[in-house]
Amino acid sequence: MSTQTVETTSLASALDKYRPVFDRIAAGAVDRELNGELPHEPIQWLKESGFTAARVPQEFGGGGLTWEDFTALLIELAAADSNLPQALRSHVAFVEENLYHHGQVLNGVTDDRSAWFKRFVYGEIAGNAWTEPGQGGVATVLEERDGKLLLNGTKFYTTGTIFAEWIDVFAKRPDGSDISVYVSTKTDGIETFDDWDGFGQKGTGSGTTVFKNAPVDPENVYDFGFRFPYQAALYQHILLIALSGIAHGAAREVALQVKNRKRVFGHGNANLVSEDPQILQVVGEVTSKAYVAEAATLRVGRALDRAYESRTAGDAAEKAANIAVELESGQAQVVLVPLVTDAAGQIFNTLGASSTSTAKALDRYWRNARTVATHNPYIYKARVNGDWAVNGTEPPTVWSIGEAGVDEKRYGQAASS
């Protein structure tokens, strides 16, 4: 495995570059929410600005950002519109998968992922097709017919795919072995539907994708067991980022609403709402919760940096770093879910009934936070964290949604290493 010294962009210069894009995205967030519009234009702005290649090394034309700095940017994006980081969640993981493997030597062959880096820099992104509808399992199959590899199956929660040029598909071969399949969205036999009907995060493009005899390039088929080992923590991290951004968005919103509010209650504490100490206390609580959410999320970003860097440090060091980031992401999740959903609801304690106006869409902060929180239920993460603290039981780093026990049968030791 080779080691590389990669120049990175400073956070300050990255913020200067991307903040105008974030401001543009924020300006249309309420209208998109009220009109049910998917953020096709904002995604395109992010592609054109180079944001979707922010983790790609500079030698390939990307930003070369560390995870800690990229996390800070993603939180600002989430504050502008929390749908956007989640819509890019699978793309971010797809980039990381290629970063992790680039330069590794397997069976005497050096893995070269530079072609993917060039695609990312060009603005191409990836969505996902992992989760099956219904009870779960993996019914999507890649099989060979007449010398061609053909993909068939139906996937739900294919977040980001409707905006993407590529799809990262979790499938199996006819013999039951698990594989990752990369396929272009322009491939014949692929159709994505905008049928996500959740009450929050409506703009993530988390609908259904159907594969009907979709041809696959053999070079884009990989053994799933070789996925980068901290992927579960990274996927959770993007949800932490969304929660942190929601908290910051709610904090800015409540401060602005209180500052501009003229109507007061006769039994309040001041002639202006902006001078009422009880109201100011609530605003202070919301801003404090946003601060804690960001601090915890940035810390997980630092743990991701250590996990990425450990890929060249030997098996023992890499395993320790992967366990650490899985635990840190889980601990942050357990705290941030109730913290941020509570902060989002506190907006209404500072304002009157007018705050429930549909036109203001202030309820989107709570709905979005609650929707993000339903992913990877945090009650299980609390149990995992406790099992580590008491018994030293390693956290699972690979799991799926479906029939009980399927992870143990599918991944064996990989599920707990």
# chains A, B, ... in the order shown; residues from 1 in each chain; ligands from 1

call {"tool": "residues_around", "arguments": {"residues": "stretch 269-276 of chain A", "least_positions_apart": "5", "cutoff": "12 Å", "atoms": "only C-alpha atoms", "output": "PyMOL selection string"}}
result
chain A and resi 254-264+281-283+349-352

call {"tool": "write_last_selection", "arguments": {"atoms": "all heavy atoms", "output": "CSV table (one decimal), in the first residue's frame"}}
result
chain,number,residue,atom,x,y,z
A,254,VAL,N,-34.9,31.7,14.8
A,254,VAL,CA,-35.5,32.2,16.0
A,254,VAL,C,-35.0,33.6,16.4
A,254,VAL,O,-35.7,34.5,16.9
A,254,VAL,CB,-35.4,31.2,17.1
A,254,VAL,CG1,-34.0,31.1,17.7
A,254,VAL,CG2,-36.4,31.5,18.2
A,255,ALA,N,-33.7,33.8,16.2
A,255,ALA,CA,-33.1,35.1,16.6
A,255,ALA,C,-33.7,36.2,15.7
A,255,ALA,O,-34.0,37.3,16.2
A,255,ALA,CB,-31.6,35.1,16.5
A,256,LEU,N,-33.8,35.9,14.4
A,256,LEU,CA,-34.3,36.9,13.4
A,256,LEU,C,-35.8,37.2,13.7
A,256,LEU,O,-36.2,38.3,13.7
A,256,LEU,CB,-34.2,36.4,12.0
A,256,LEU,CG,-34.7,37.3,10.9
A,256,LEU,CD1,-33.9,38.6,10.9
A,256,LEU,CD2,-34.6,36.6,9.5
A,257,GLN,N,-36.6,36.1,14.0
A,257,GLN,CA,-38.0,36.3,14.2
A,257,GLN,C,-38.3,37.1,15.5
A,257,GLN,O,-39.1,38.0,15.5
A,257,GLN,CB,-38.7,34.9,14.3
A,257,GLN,CG,-38.7,34.1,13.0
A,257,GLN,CD,-39.7,34.7,12.0
A,257,GLN,OE1,-40.7,35.4,12.4
A,257,GLN,NE2,-39.4,34.4,10.7
A,258,VAL,N,-37.5,36.8,16.5
A,258,VAL,CA,-37.6,37.6,17.8
A,258,VAL,C,-37.2,39.0,17.6
A,258,VAL,O,-37.9,39.9,18.2
A,258,VAL,CB,-36.8,36.9,18.9
A,258,VAL,CG1,-36.7,37.8,20.1
A,258,VAL,CG2,-37.5,35.5,19.3
A,259,LYS,N,-36.1,39.2,16.9
A,259,LYS,CA,-35.6,40.6,16.7
A,259,LYS,C,-36.7,41.5,16.0
A,259,LYS,O,-36.8,42.6,16.3
A,259,LYS,CB,-34.3,40.5,15.9
A,259,LYS,CG,-33.7,41.9,15.7
A,259,LYS,CD,-32.4,41.8,14.9
A,259,LYS,CE,-31.8,43.1,14.7
A,259,LYS,NZ,-30.5,43.0,13.9
A,260,ASN,N,-37.4,40.9,15.0
A,260,ASN,CA,-38.3,41.6,14.2
A,260,ASN,C,-39.7,41.7,14.7
A,260,ASN,O,-40.6,42.4,14.2
A,260,ASN,CB,-38.3,41.1,12.8
A,260,ASN,CG,-37.0,41.3,12.1
A,260,ASN,OD1,-36.2,42.2,12.4
A,260,ASN,ND2,-36.6,40.4,11.1
A,261,ARG,N,-40.0,40.9,15.7
A,261,ARG,CA,-41.4,40.8,16.2
A,261,ARG,C,-41.8,42.0,17.0
A,261,ARG,O,-41.1,42.5,17.8
A,261,ARG,CB,-41.6,39.5,17.1
A,261,ARG,CG,-43.0,39.3,17.6
A,261,ARG,CD,-43.2,38.0,18.2
A,261,ARG,NE,-44.5,37.8,18.9
A,261,ARG,CZ,-45.7,37.6,18.2
A,261,ARG,NH1,-45.6,37.5,16.9
A,261,ARG,NH2,-46.8,37.5,18.9
A,262,LYS,N,-43.0,42.6,16.6
A,262,LYS,CA,-43.5,43.8,17.3
A,262,LYS,C,-44.7,43.5,18.3
A,262,LYS,O,-44.8,44.2,19.3
A,262,LYS,CB,-44.1,44.7,16.2
A,262,LYS,CG,-43.0,45.1,15.1
A,262,LYS,CD,-41.8,45.7,15.7
A,262,LYS,CE,-40.8,46.1,14.7
A,262,LYS,NZ,-39.5,46.6,15.2
A,263,ARG,N,-45.5,42.5,18.0
A,263,ARG,CA,-46.6,42.1,18.9
A,263,ARG,C,-46.0,41.5,20.2
A,263,ARG,O,-45.1,40.7,20.1
A,263,ARG,CB,-47.5,41.2,18.2
A,263,ARG,CG,-48.4,41.8,17.1
A,263,ARG,CD,-49.0,40.8,16.2
A,263,ARG,NE,-49.9,39.9,17.0
A,263,ARG,CZ,-51.2,40.2,17.2
A,263,ARG,NH1,-51.8,41.3,16.8
A,263,ARG,NH2,-52.0,39.3,17.8
A,264,VAL,N,-46.6,41.9,21.3
A,264,VAL,CA,-46.2,41.3,22.6
A,264,VAL,C,-47.5,40.8,23.3
A,264,VAL,O,-48.6,41.2,23.0
A,264,VAL,CB,-45.5,42.4,23.5
A,264,VAL,CG1,-44.2,42.8,22.8
A,264,VAL,CG2,-46.4,43.6,23.8
A,281,GLN,N,-33.9,34.0,27.0
A,281,GLN,CA,-33.4,32.7,27.5
A,281,GLN,C,-33.6,31.6,26.6
A,281,GLN,O,-32.7,30.8,26.3
A,281,GLN,CB,-34.1,32.4,28.9
A,281,GLN,CG,-33.6,31.1,29.5
A,281,GLN,CD,-34.3,30.8,30.8
A,281,GLN,OE1,-34.9,31.6,31.4
A,281,GLN,NE2,-34.3,29.5,31.1
A,282,VAL,N,-34.8,31.5,26.0
A,282,VAL,CA,-35.1,30.5,25.0
A,282,VAL,C,-34.2,30.5,23.8
A,282,VAL,O,-33.7,29.5,23.3
A,282,VAL,CB,-36.6,30.5,24.6
A,282,VAL,CG1,-36.9,29.4,23.5
A,282,VAL,CG2,-37.5,30.3,25.8
A,283,VAL,N,-34.0,31.8,23.3
A,283,VAL,CA,-33.2,31.9,22.1
A,283,VAL,C,-31.7,31.5,22.5
A,283,VAL,O,-31.1,30.8,21.7
A,283,VAL,CB,-33.2,33.4,21.7
A,283,VAL,CG1,-32.1,33.6,20.5
A,283,VAL,CG2,-34.5,33.8,21.2
A,349,ASN,N,-41.9,28.6,21.1
A,349,ASN,CA,-42.1,29.1,22.5
A,349,ASN,C,-41.8,30.6,22.5
A,349,ASN,O,-42.0,31.2,23.6
A,349,ASN,CB,-41.1,28.4,23.5
A,349,ASN,CG,-41.5,26.9,23.7
A,349,ASN,OD1,-42.7,26.6,23.5
A,349,ASN,ND2,-40.6,26.1,24.1
A,350,THR,N,-41.1,31.1,21.5
A,350,THR,CA,-40.8,32.5,21.5
A,350,THR,C,-41.7,33.4,20.7
A,350,THR,O,-41.6,34.6,20.8
A,350,THR,CB,-39.4,32.7,20.9
A,350,THR,OG1,-39.4,32.4,19.5
A,350,THR,CG2,-38.3,31.8,21.6
A,351,LEU,N,-42.6,32.8,20.0
A,351,LEU,CA,-43.5,33.6,19.1
A,351,LEU,C,-44.9,33.3,19.3
A,351,LEU,O,-45.3,32.3,20.0
A,351,LEU,CB,-43.1,33.2,17.6
A,351,LEU,CG,-41.6,33.4,17.3
A,351,LEU,CD1,-41.3,32.8,15.9
A,351,LEU,CD2,-41.2,34.9,17.3
A,352,GLY,N,-45.8,34.0,18.7
A,352,GLY,CA,-47.2,33.8,18.8
A,352,GLY,C,-47.7,32.8,17.8
A,352,GLY,O,-47.0,32.1,17.1

call {"tool": "residues_around", "arguments": {"residues": "A:Gln346", "least_positions_apart": "6", "cutoff": "12 Å", "atoms": "only C-alpha atoms", "output": "JSON, numbers by chain"}}
result
{"A": [247, 250, 251, 253, 254, 255, 279, 280, 281, 282, 283, 284, 285, 286, 287, 289, 339, 340, 355, 362, 363, 365, 366]}

call {"tool": "residues_around", "arguments": {"residues": "stretch 142-152 of chain A", "least_positions_apart": "2", "cutoff": "7 Å", "atoms": "only C-alpha atoms", "output": "mmCIF file with all heavy atoms, in the first residue's frame"}}
result
data_model
loop_
_atom_site.group_PDB
_atom_site.id
_atom_site.type_symbol
_atom_site.label_atom_id
_atom_site.label_comp_id
_atom_site.auth_asym_id
_atom_site.auth_seq_id
_atom_site.Cartn_x
_atom_site.Cartn_y
_atom_site.Cartn_z
ATOM 1 N N THR A 140 -31.970 -7.855 -5.485
ATOM 2 C CA THR A 140 -31.392 -7.307 -6.710
ATOM 3 C C THR A 140 -30.202 -8.166 -7.130
ATOM 4 O O THR A 140 -29.268 -8.358 -6.353
ATOM 5 C CB THR A 140 -30.949 -5.853 -6.488
ATOM 6 O OG1 THR A 140 -32.085 -5.073 -6.098
ATOM 7 C CG2 THR A 140 -30.344 -5.268 -7.751
ATOM 8 N N ALA A 171 -25.929 -5.321 -4.527
ATOM 9 C CA ALA A 171 -26.618 -6.423 -5.202
ATOM 10 C C ALA A 171 -25.951 -7.743 -4.831
ATOM 11 O O ALA A 171 -25.076 -7.806 -3.975
ATOM 12 C CB ALA A 171 -26.598 -6.214 -6.717
ATOM 13 N N LYS A 172 -26.385 -8.793 -5.469
ATOM 14 C CA LYS A 172 -25.749 -10.096 -5.262
ATOM 15 C C LYS A 172 -25.643 -10.835 -6.592
ATOM 16 O O LYS A 172 -26.354 -10.531 -7.557
ATOM 17 C CB LYS A 172 -26.544 -10.934 -4.262
ATOM 18 C CG LYS A 172 -27.922 -11.361 -4.728
ATOM 19 C CD LYS A 172 -28.614 -12.207 -3.660
ATOM 20 C CE LYS A 172 -29.994 -12.662 -4.117
ATOM 21 N NZ LYS A 172 -30.667 -13.490 -3.093
ATOM 22 N N ARG A 173 -24.744 -11.771 -6.614
ATOM 23 C CA ARG A 173 -24.634 -12.663 -7.760
ATOM 24 C C ARG A 173 -25.618 -13.819 -7.569
ATOM 25 O O ARG A 173 -26.148 -14.027 -6.469
ATOM 26 C CB ARG A 173 -23.216 -13.199 -7.867
ATOM 27 C CG ARG A 173 -22.151 -12.121 -8.112
ATOM 28 C CD ARG A 173 -20.789 -12.778 -8.297
ATOM 29 N NE ARG A 173 -19.708 -11.800 -8.369
ATOM 30 C CZ ARG A 173 -19.333 -11.165 -9.465
ATOM 31 N NH1 ARG A 173 -19.991 -11.399 -10.612
ATOM 32 N NH2 ARG A 173 -18.327 -10.310 -9.451
ATOM 33 N N PRO A 174 -25.842 -14.593 -8.614
ATOM 34 C CA PRO A 174 -26.734 -15.748 -8.467
ATOM 35 C C PRO A 174 -26.290 -16.726 -7.388
ATOM 36 O O PRO A 174 -27.124 -17.434 -6.809
ATOM 37 C CB PRO A 174 -26.689 -16.397 -9.857
ATOM 38 C CG PRO A 174 -26.418 -15.267 -10.783
ATOM 39 C CD PRO A 174 -25.477 -14.372 -10.030
ATOM 40 N N PHE A 211 -34.387 -1.509 -11.790
ATOM 41 C CA PHE A 211 -33.421 -2.000 -12.769
ATOM 42 C C PHE A 211 -34.049 -3.167 -13.534
ATOM 43 O O PHE A 211 -34.453 -4.160 -12.924
ATOM 44 C CB PHE A 211 -32.138 -2.473 -12.075
ATOM 45 C CG PHE A 211 -31.479 -1.414 -11.226
ATOM 46 C CD1 PHE A 211 -31.804 -1.287 -9.881
ATOM 47 C CD2 PHE A 211 -30.548 -0.546 -11.770
ATOM 48 C CE1 PHE A 211 -31.215 -0.313 -9.090
ATOM 49 C CE2 PHE A 211 -29.948 0.429 -10.988
ATOM 50 C CZ PHE A 211 -30.275 0.547 -9.646
ATOM 51 N N LYS A 212 -34.126 -3.026 -14.845
ATOM 52 C CA LYS A 212 -34.685 -4.087 -15.687
ATOM 53 C C LYS A 212 -33.683 -4.411 -16.787
ATOM 54 O O LYS A 212 -33.560 -3.667 -17.766
ATOM 55 C CB LYS A 212 -36.019 -3.641 -16.288
ATOM 56 C CG LYS A 212 -37.128 -3.443 -15.271
ATOM 57 C CD LYS A 212 -38.434 -3.037 -15.957
ATOM 58 C CE LYS A 212 -39.556 -2.861 -14.941
ATOM 59 N NZ LYS A 212 -40.836 -2.430 -15.596
ATOM 60 N N ASN A 213 -32.950 -5.508 -16.577
ATOM 61 C CA ASN A 213 -31.940 -5.923 -17.542
ATOM 62 C C ASN A 213 -30.984 -4.779 -17.895
ATOM 63 O O ASN A 213 -30.627 -4.571 -19.067
ATOM 64 C CB ASN A 213 -32.594 -6.468 -18.817
ATOM 65 C CG ASN A 213 -33.337 -7.768 -18.567
ATOM 66 O OD1 ASN A 213 -32.889 -8.607 -17.785
ATOM 67 N ND2 ASN A 213 -34.469 -7.934 -19.232
ATOM 68 N N ALA A 214 -30.571 -4.046 -16.873
ATOM 69 C CA ALA A 214 -29.649 -2.932 -17.081
ATOM 70 C C ALA A 214 -28.233 -3.475 -17.261
ATOM 71 O O ALA A 214 -27.714 -4.165 -16.381
ATOM 72 C CB ALA A 214 -29.694 -1.987 -15.894
ATOM 73 N N PRO A 215 -27.570 -3.184 -18.377
ATOM 74 C CA PRO A 215 -26.224 -3.713 -18.618
ATOM 75 C C PRO A 215 -25.198 -3.053 -17.690
ATOM 76 O O PRO A 215 -25.274 -1.866 -17.400
ATOM 77 C CB PRO A 215 -25.956 -3.375 -20.081
ATOM 78 C CG PRO A 215 -26.889 -2.262 -20.405
ATOM 79 C CD PRO A 215 -28.084 -2.427 -19.532
ATOM 80 N N VAL A 216 -24.213 -3.847 -17.258
ATOM 81 C CA VAL A 216 -23.187 -3.395 -16.315
ATOM 82 C C VAL A 216 -21.814 -3.719 -16.876
ATOM 83 O O VAL A 216 -21.574 -4.820 -17.380
ATOM 84 C CB VAL A 216 -23.377 -4.069 -14.940
ATOM 85 C CG1 VAL A 216 -22.203 -3.759 -14.020
ATOM 86 C CG2 VAL A 216 -24.695 -3.638 -14.308
#

call {"tool": "residues_around", "arguments": {"residues": "A:Leu74", "least_positions_apart": "6", "cutoff": "9 Å", "atoms": "only C-alpha atoms", "output": "compact mmCIF listing (two decimals) with C-alpha atoms, in the first residue's frame"}}
result
# COMPACT_ATOMS: atom_id res chain seq x y z
CA LEU A 84 -28.69 18.99 0.35
CA PRO A 85 -26.12 17.12 2.52
CA ILE A 238 -23.73 12.99 7.18
CA ILE A 241 -24.20 17.14 9.78
CA ALA A 242 -27.83 17.53 8.71
CA GLY A 245 -27.20 22.38 10.22

call {"tool": "closest_residue", "arguments": {"among": "A:Tyr380, A:Phe117, A:Tyr291, A:Trp196", "to": "A:Leu38", "atoms": "only C-alpha atoms"}}
result
A:Trp196

call {"tool": "closest_residue", "arguments": {"among": "A:Leu239, A:Leu99, A:Val390, A:Val210", "to": "A:Thr154", "atoms": "only C-alpha atoms"}}
result
A:Val210

call {"tool": "select_by_dssp", "arguments": {"residues": "stretch 112-323 of chain A", "states": "strand (DSSP E)", "output": "MDAnalysis selection string"}}
result
chainID A and resid 126:129 141:145 148:155 166:172 178:184 190:193 208:216 221:223

call {"tool": "write_last_selection", "arguments": {"atoms": "C-alpha atoms", "output": "mmCIF file, in the first residue's frame"}}
result
data_model
loop_
_atom_site.group_PDB
_atom_site.id
_atom_site.type_symbol
_atom_site.label_atom_id
_atom_site.label_comp_id
_atom_site.auth_asym_id
_atom_site.auth_seq_id
_atom_site.Cartn_x
_atom_site.Cartn_y
_atom_site.Cartn_z
ATOM 1 C CA ALA A 126 -23.393 9.249 -7.414
ATOM 2 C CA GLY A 127 -26.619 8.255 -5.755
ATOM 3 C CA ASN A 128 -27.359 4.984 -4.016
ATOM 4 C CA ALA A 129 -29.472 1.891 -4.501
ATOM 5 C CA VAL A 141 -29.281 -9.695 -8.796
ATOM 6 C CA LEU A 142 -26.459 -9.283 -11.312
ATOM 7 C CA GLU A 143 -26.359 -12.227 -13.688
ATOM 8 C CA GLU A 144 -24.649 -13.071 -16.952
ATOM 9 C CA ARG A 145 -26.668 -13.740 -20.087
ATOM 10 C CA LYS A 148 -23.463 -9.642 -20.819
ATOM 11 C CA LEU A 149 -23.872 -8.672 -17.156
ATOM 12 C CA LEU A 150 -27.466 -7.614 -16.490
ATOM 13 C CA LEU A 151 -28.866 -6.050 -13.315
ATOM 14 C CA ASN A 152 -32.431 -6.633 -12.144
ATOM 15 C CA GLY A 153 -34.213 -5.470 -9.007
ATOM 16 C CA THR A 154 -36.072 -2.694 -7.212
ATOM 17 C CA LYS A 155 -34.569 -0.372 -4.607
ATOM 18 C CA TRP A 166 -23.935 7.237 -11.289
ATOM 19 C CA ILE A 167 -25.565 4.771 -8.909
ATOM 20 C CA ASP A 168 -23.792 2.757 -6.234
ATOM 21 C CA VAL A 169 -25.851 -0.461 -6.118
ATOM 22 C CA PHE A 170 -25.788 -3.155 -3.445
ATOM 23 C CA ALA A 171 -26.618 -6.423 -5.202
ATOM 24 C CA LYS A 172 -25.749 -10.096 -5.262
ATOM 25 C CA ASP A 178 -22.630 -9.679 -2.134
ATOM 26 C CA ILE A 179 -21.279 -7.108 -4.568
ATOM 27 C CA SER A 180 -21.127 -3.391 -5.214
ATOM 28 C CA VAL A 181 -22.133 -2.389 -8.721
ATOM 29 C CA TYR A 182 -21.466 1.036 -10.227
ATOM 30 C CA VAL A 183 -23.780 1.904 -13.083
ATOM 31 C CA SER A 184 -24.527 5.065 -15.052
ATOM 32 C CA ILE A 190 -32.966 2.094 -15.231
ATOM 33 C CA GLU A 191 -35.807 4.294 -14.013
ATOM 34 C CA THR A 192 -35.940 6.454 -10.887
ATOM 35 C CA PHE A 193 -39.206 7.710 -9.396
ATOM 36 C CA THR A 208 -37.548 4.255 -5.881
ATOM 37 C CA THR A 209 -35.172 3.034 -8.583
ATOM 38 C CA VAL A 210 -35.960 0.037 -10.782
ATOM 39 C CA PHE A 211 -33.421 -2.000 -12.769
ATOM 40 C CA LYS A 212 -34.685 -4.087 -15.687
ATOM 41 C CA ASN A 213 -31.940 -5.923 -17.542
ATOM 42 C CA ALA A 214 -29.649 -2.932 -17.081
ATOM 43 C CA PRO A 215 -26.224 -3.713 -18.618
ATOM 44 C CA VAL A 216 -23.187 -3.395 -16.315
ATOM 45 C CA VAL A 221 -18.295 -4.747 -10.123
ATOM 46 C CA TYR A 222 -16.583 -5.155 -6.739
ATOM 47 C CA ASP A 223 -16.734 -7.575 -3.839
#

call {"tool": "closest_atom_pairs", "arguments": {"of": "stretch 41-132 of chain A", "to": "stretch 308-329 of chain A", "cutoff": "12 Å", "atoms": "only C-alpha atoms", "output": "tab-separated table"}}
result
residue	atom	partner	partner_atom	distance
A:Arg55	CA	A:Tyr308	CA	11.7
A:Thr66	CA	A:Tyr308	CA	9.7
A:Trp67	CA	A:Tyr308	CA	9.0
A:Glu68	CA	A:Tyr308	CA	11.7
A:Glu96	CA	A:Tyr308	CA	8.8
A:Glu97	CA	A:Tyr308	CA	10.3
A:Asn98	CA	A:Tyr308	CA	11.6
A:Leu99	CA	A:Tyr308	CA	8.8
A:Tyr100	CA	A:Tyr308	CA	6.9
A:His101	CA	A:Arg311	CA	9.1
A:His102	CA	A:Arg311	CA	10.9
A:Gly103	CA	A:Thr312	CA	10.4
A:Gln104	CA	A:Thr312	CA	9.0
A:Val105	CA	A:Thr312	CA	11.2

call {"tool": "residues_around", "arguments": {"residues": "A:Ala359", "least_positions_apart": "5", "cutoff": "12 Å", "atoms": "only C-alpha atoms", "output": "MDAnalysis selection string"}}
result
chainID A and resid 30:35 354 364

call {"tool": "write_last_selection", "arguments": {"atoms": "N, CA and C atoms", "output": "PDB file, in the first residue's frame"}}
result
ATOM      1  N   VAL A  30     -37.201  27.994   1.378  1.00  0.00           N
ATOM      2  CA  VAL A  30     -38.611  27.999   1.789  1.00  0.00           C
ATOM      3  C   VAL A  30     -39.517  27.763   0.592  1.00  0.00           C
ATOM      4  N   ASP A  31     -39.234  28.420  -0.526  1.00  0.00           N
ATOM      5  CA  ASP A  31     -40.058  28.223  -1.724  1.00  0.00           C
ATOM      6  C   ASP A  31     -40.021  26.767  -2.188  1.00  0.00           C
ATOM      7  N   ARG A  32     -38.833  26.152  -2.156  1.00  0.00           N
ATOM      8  CA  ARG A  32     -38.767  24.737  -2.549  1.00  0.00           C
ATOM      9  C   ARG A  32     -39.588  23.878  -1.597  1.00  0.00           C
ATOM     10  N   GLU A  33     -39.526  24.205  -0.322  1.00  0.00           N
ATOM     11  CA  GLU A  33     -40.290  23.451   0.677  1.00  0.00           C
ATOM     12  C   GLU A  33     -41.787  23.576   0.422  1.00  0.00           C
ATOM     13  N   LEU A  34     -42.245  24.806   0.206  1.00  0.00           N
ATOM     14  CA  LEU A  34     -43.678  25.044   0.045  1.00  0.00           C
ATOM     15  C   LEU A  34     -44.215  24.510  -1.273  1.00  0.00           C
ATOM     16  N   ASN A  35     -43.379  24.539  -2.310  1.00  0.00           N
ATOM     17  CA  ASN A  35     -43.824  24.117  -3.640  1.00  0.00           C
ATOM     18  C   ASN A  35     -43.499  22.661  -3.946  1.00  0.00           C
ATOM     19  N   SER A 354     -48.871  33.269  15.002  1.00  0.00           N
ATOM     20  CA  SER A 354     -48.459  33.568  13.621  1.00  0.00           C
ATOM     21  C   SER A 354     -47.256  32.746  13.191  1.00  0.00           C
ATOM     22  N   ARG A 364     -40.580  23.306   9.341  1.00  0.00           N
ATOM     23  CA  ARG A 364     -39.689  22.441   8.566  1.00  0.00           C
ATOM     24  C   ARG A 364     -38.474  22.029   9.384  1.00  0.00           C
TER      25      ARG A 364
END

call {"tool": "select_by_dssp", "arguments": {"residues": "stretch 135-327 of chain A", "states": "helix (DSSP H, G or I)", "output": "NGL selection string"}}
result
:A and (161-163 or 218-220 or 224-226 or 231-260 or 273-275 or 277-312 or 315-327)

call {"tool": "residues_around", "arguments": {"residues": "A:Gly50", "least_positions_apart": "5", "cutoff": "8 Å", "atoms": "only C-alpha atoms", "output": "list in words"}}
result
Gly62, Gly63, Val121 and Gly123 of chain A

call {"tool": "write_last_selection", "arguments": {"atoms": "N, CA, C and O atoms", "output": "compact mmCIF listing (two decimals), in the first residue's frame"}}
result
# COMPACT_ATOMS: atom_id res chain seq x y z
N GLY A 62 -9.28 18.40 -7.38
CA GLY A 62 -10.26 18.59 -6.32
C GLY A 62 -9.78 19.55 -5.25
O GLY A 62 -8.75 20.19 -5.37
N GLY A 63 -10.57 19.65 -4.17
CA GLY A 63 -10.25 20.58 -3.10
C GLY A 63 -9.29 20.04 -2.08
O GLY A 63 -8.66 20.81 -1.34
N VAL A 121 -14.44 15.61 -10.38
CA VAL A 121 -14.01 16.99 -10.64
C VAL A 121 -14.81 17.59 -11.79
O VAL A 121 -15.14 18.79 -11.79
N GLY A 123 -17.80 17.10 -12.24
CA GLY A 123 -19.12 17.42 -11.71
C GLY A 123 -20.07 16.25 -11.62
O GLY A 123 -21.23 16.42 -11.23

call {"tool": "residues_around", "arguments": {"residues": "A:Ser49", "least_positions_apart": "3", "cutoff": "10 Å", "atoms": "only C-alpha atoms", "output": "list in words"}}
result
Lys17, Tyr18, Val21, Ile43, Gln44, Trp45, Leu46, Thr52, Ala53, Ala54, Val121 and Gly123 of chain A

call {"tool": "write_last_selection", "arguments": {"atoms": "N, CA, C and O atoms", "output": "compact mmCIF listing (two decimals), in the first residue's frame"}}
result
# COMPACT_ATOMS: atom_id res chain seq x y z
N LYS A 17 -15.04 30.55 -0.97
CA LYS A 17 -15.46 30.04 -2.27
C LYS A 17 -16.91 29.59 -2.27
O LYS A 17 -17.66 29.87 -3.23
N TYR A 18 -17.32 28.90 -1.22
CA TYR A 18 -18.62 28.23 -1.25
C TYR A 18 -19.75 28.99 -0.55
O TYR A 18 -20.92 28.70 -0.82
N VAL A 21 -22.49 30.32 -2.75
CA VAL A 21 -23.37 29.25 -3.24
C VAL A 21 -24.38 28.87 -2.16
O VAL A 21 -25.58 28.70 -2.44
N ILE A 43 -28.28 21.51 -6.59
CA ILE A 43 -27.32 20.43 -6.79
C ILE A 43 -26.38 20.78 -7.94
O ILE A 43 -25.16 20.58 -7.86
N GLN A 44 -26.93 21.36 -9.00
CA GLN A 44 -26.11 21.75 -10.14
C GLN A 44 -25.12 22.84 -9.75
O GLN A 44 -23.96 22.82 -10.18
N TRP A 45 -25.56 23.79 -8.93
CA TRP A 45 -24.64 24.85 -8.47
C TRP A 45 -23.48 24.26 -7.68
O TRP A 45 -22.34 24.69 -7.82
N LEU A 46 -23.78 23.26 -6.87
CA LEU A 46 -22.73 22.62 -6.07
C LEU A 46 -21.76 21.86 -6.97
O LEU A 46 -20.55 21.86 -6.73
N THR A 52 -18.76 19.23 -4.88
CA THR A 52 -18.93 17.77 -4.87
C THR A 52 -17.62 17.03 -5.08
O THR A 52 -17.57 15.81 -4.98
N ALA A 53 -16.54 17.77 -5.36
CA ALA A 53 -15.19 17.18 -5.46
C ALA A 53 -14.28 17.73 -4.37
O ALA A 53 -13.05 17.68 -4.51
N ALA A 54 -14.85 18.24 -3.29
CA ALA A 54 -14.07 18.91 -2.25
C ALA A 54 -13.08 17.97 -1.55
O ALA A 54 -12.05 18.42 -1.05
N VAL A 121 -14.44 15.61 -10.38
CA VAL A 121 -14.01 16.99 -10.64
C VAL A 121 -14.81 17.59 -11.79
O VAL A 121 -15.14 18.79 -11.79
N GLY A 123 -17.80 17.10 -12.24
CA GLY A 123 -19.12 17.42 -11.71
C GLY A 123 -20.07 16.25 -11.62
O GLY A 123 -21.23 16.42 -11.23

call {"tool": "atom_distance", "arguments": {"atom1": "atom CA of A:His248", "atom2": "atom CA of A:Ala79"}}
result
5.7 Å
